[in-house]
$ cat final.txt   # compact mmCIF, C-alpha atoms
# COMPACT_ATOMS: atom_id res chain seq x y z
CA ASN A 1 -113.11 37.73 46.73
CA SER A 2 -110.79 38.65 43.92
CA ASN A 3 -109.53 42.03 42.82
CA THR A 4 -108.57 40.65 39.44
CA THR A 5 -110.82 41.10 36.44
CA TRP A 6 -110.52 38.25 33.95
CA GLN A 7 -111.99 37.68 30.56
CA CYS A 8 -113.00 34.50 28.79
CA PRO A 9 -113.98 35.48 25.23
CA GLU A 10 -114.76 31.94 24.04
CA SER A 11 -116.86 30.52 26.85
CA GLU A 12 -120.02 29.43 25.07
CA GLY A 13 -121.02 26.06 26.48
CA MET A 14 -118.25 25.89 29.08
CA PHE A 15 -120.69 24.55 31.70
CA ALA A 16 -122.86 22.51 29.29
CA GLY A 17 -123.86 19.23 30.87
CA CYS A 18 -122.43 20.11 34.30
CA THR A 19 -125.70 19.29 36.02
CA LYS A 20 -124.19 18.83 39.49
CA LEU A 21 -123.01 22.43 39.72
CA LYS A 22 -124.50 24.42 42.56
CA GLY A 23 -123.02 27.62 43.88
CA ALA A 24 -125.12 30.73 44.38
CA VAL A 25 -127.61 29.17 41.96
CA SER A 26 -128.39 25.68 40.72
CA TYR A 27 -127.45 24.54 37.21
CA ASP A 28 -129.57 25.90 34.36
CA LYS A 29 -129.03 24.31 30.93
CA ASN A 30 -129.74 27.71 29.34
CA LYS A 31 -126.95 29.45 31.27
CA VAL A 32 -123.68 27.73 30.39
CA ASP A 33 -121.14 30.45 29.58
CA ALA A 34 -118.59 32.46 31.59
CA THR A 35 -121.24 34.80 33.00
CA MET A 36 -121.99 31.96 35.45
CA ALA A 37 -118.35 31.68 36.60
CA ASN A 38 -118.75 33.69 39.79
CA PRO A 39 -119.80 33.12 43.40
CA GLU A 40 -122.36 35.92 43.61
CA THR A 41 -124.85 34.94 40.88
CA GLY A 42 -123.28 31.87 39.32
CA TYR A 43 -122.12 28.32 39.83
CA PHE A 44 -119.07 29.01 41.99
CA THR A 45 -118.91 29.08 45.78
CA ALA A 46 -116.83 31.72 47.53
CA GLU A 47 -114.00 30.31 49.59
CA SER A 48 -113.47 31.57 53.11
CA THR A 49 -110.71 34.14 53.45
CA THR A 50 -109.67 32.91 56.89
CA VAL A 51 -106.16 31.57 57.31
CA ARG A 52 -105.96 27.85 57.95
CA SER A 53 -103.31 26.50 60.27
CA ARG A 54 -101.28 23.57 59.01
$ encode --input "final.txt" --output "structure tokens"
Amino acid sequence: NSNTTWQCPESEGMFAGCTKLKGAVSYDKNKVDATMANPETGYFTAESTTVRSR
């Protein structure tokens, strides 16, 4: 979970051909821009916020 809002104005095709992507949804060749760069409705997977011991 991030509190930072980011923008990616030139993202058209950024996920084109990335057929192995699977986060919240599986890859869709018609959805390949920055709108899919999120863990809620896109191709990313949220990372656990628990602290890992080293």
$ closest_residue --input "final.txt" --among "A:Ser53, A:Thr19, A:Ser11, A:Ser48" --to "Met36 of chain A" --atoms "only C-alpha atoms"
A:Ser11
$ closest_residue --input "final.txt" --among "A:Cys8, A:Leu21, A:Ala16, A:Val51" --to "Pro39 of chain A" --atoms "all atoms listed in the file"
A:Leu21
$ atom_distance --input "final.txt" --atom1 "atom CA of Val32 of chain A" --atom2 "atom CA of Ala46 of chain A"
18.9 Å
$ atom_distance --input "final.txt" --atom1 "atom CA of Glu47 of chain A" --atom2 "atom CA of Ser26 of chain A"
17.5 Å
$ residues_around --input "final.txt" --residues "Ala37 of chain A" --least-positions-apart "2" --cutoff "12 Å" --atoms "all atoms listed in the file" --output "number ranges by chain"
A: 6-8, 11-15, 21-25, 27, 31-35, 39-46
$ axis_aligned_box --input "final.txt" --around "segment 14-27 of chain A" --padding-each-side "3 Å" --output "JSON"
{"center_x": -123.3, "center_y": 24.8, "center_z": 36.7, "size_x": 16.1, "size_y": 17.9, "size_z": 21.3}
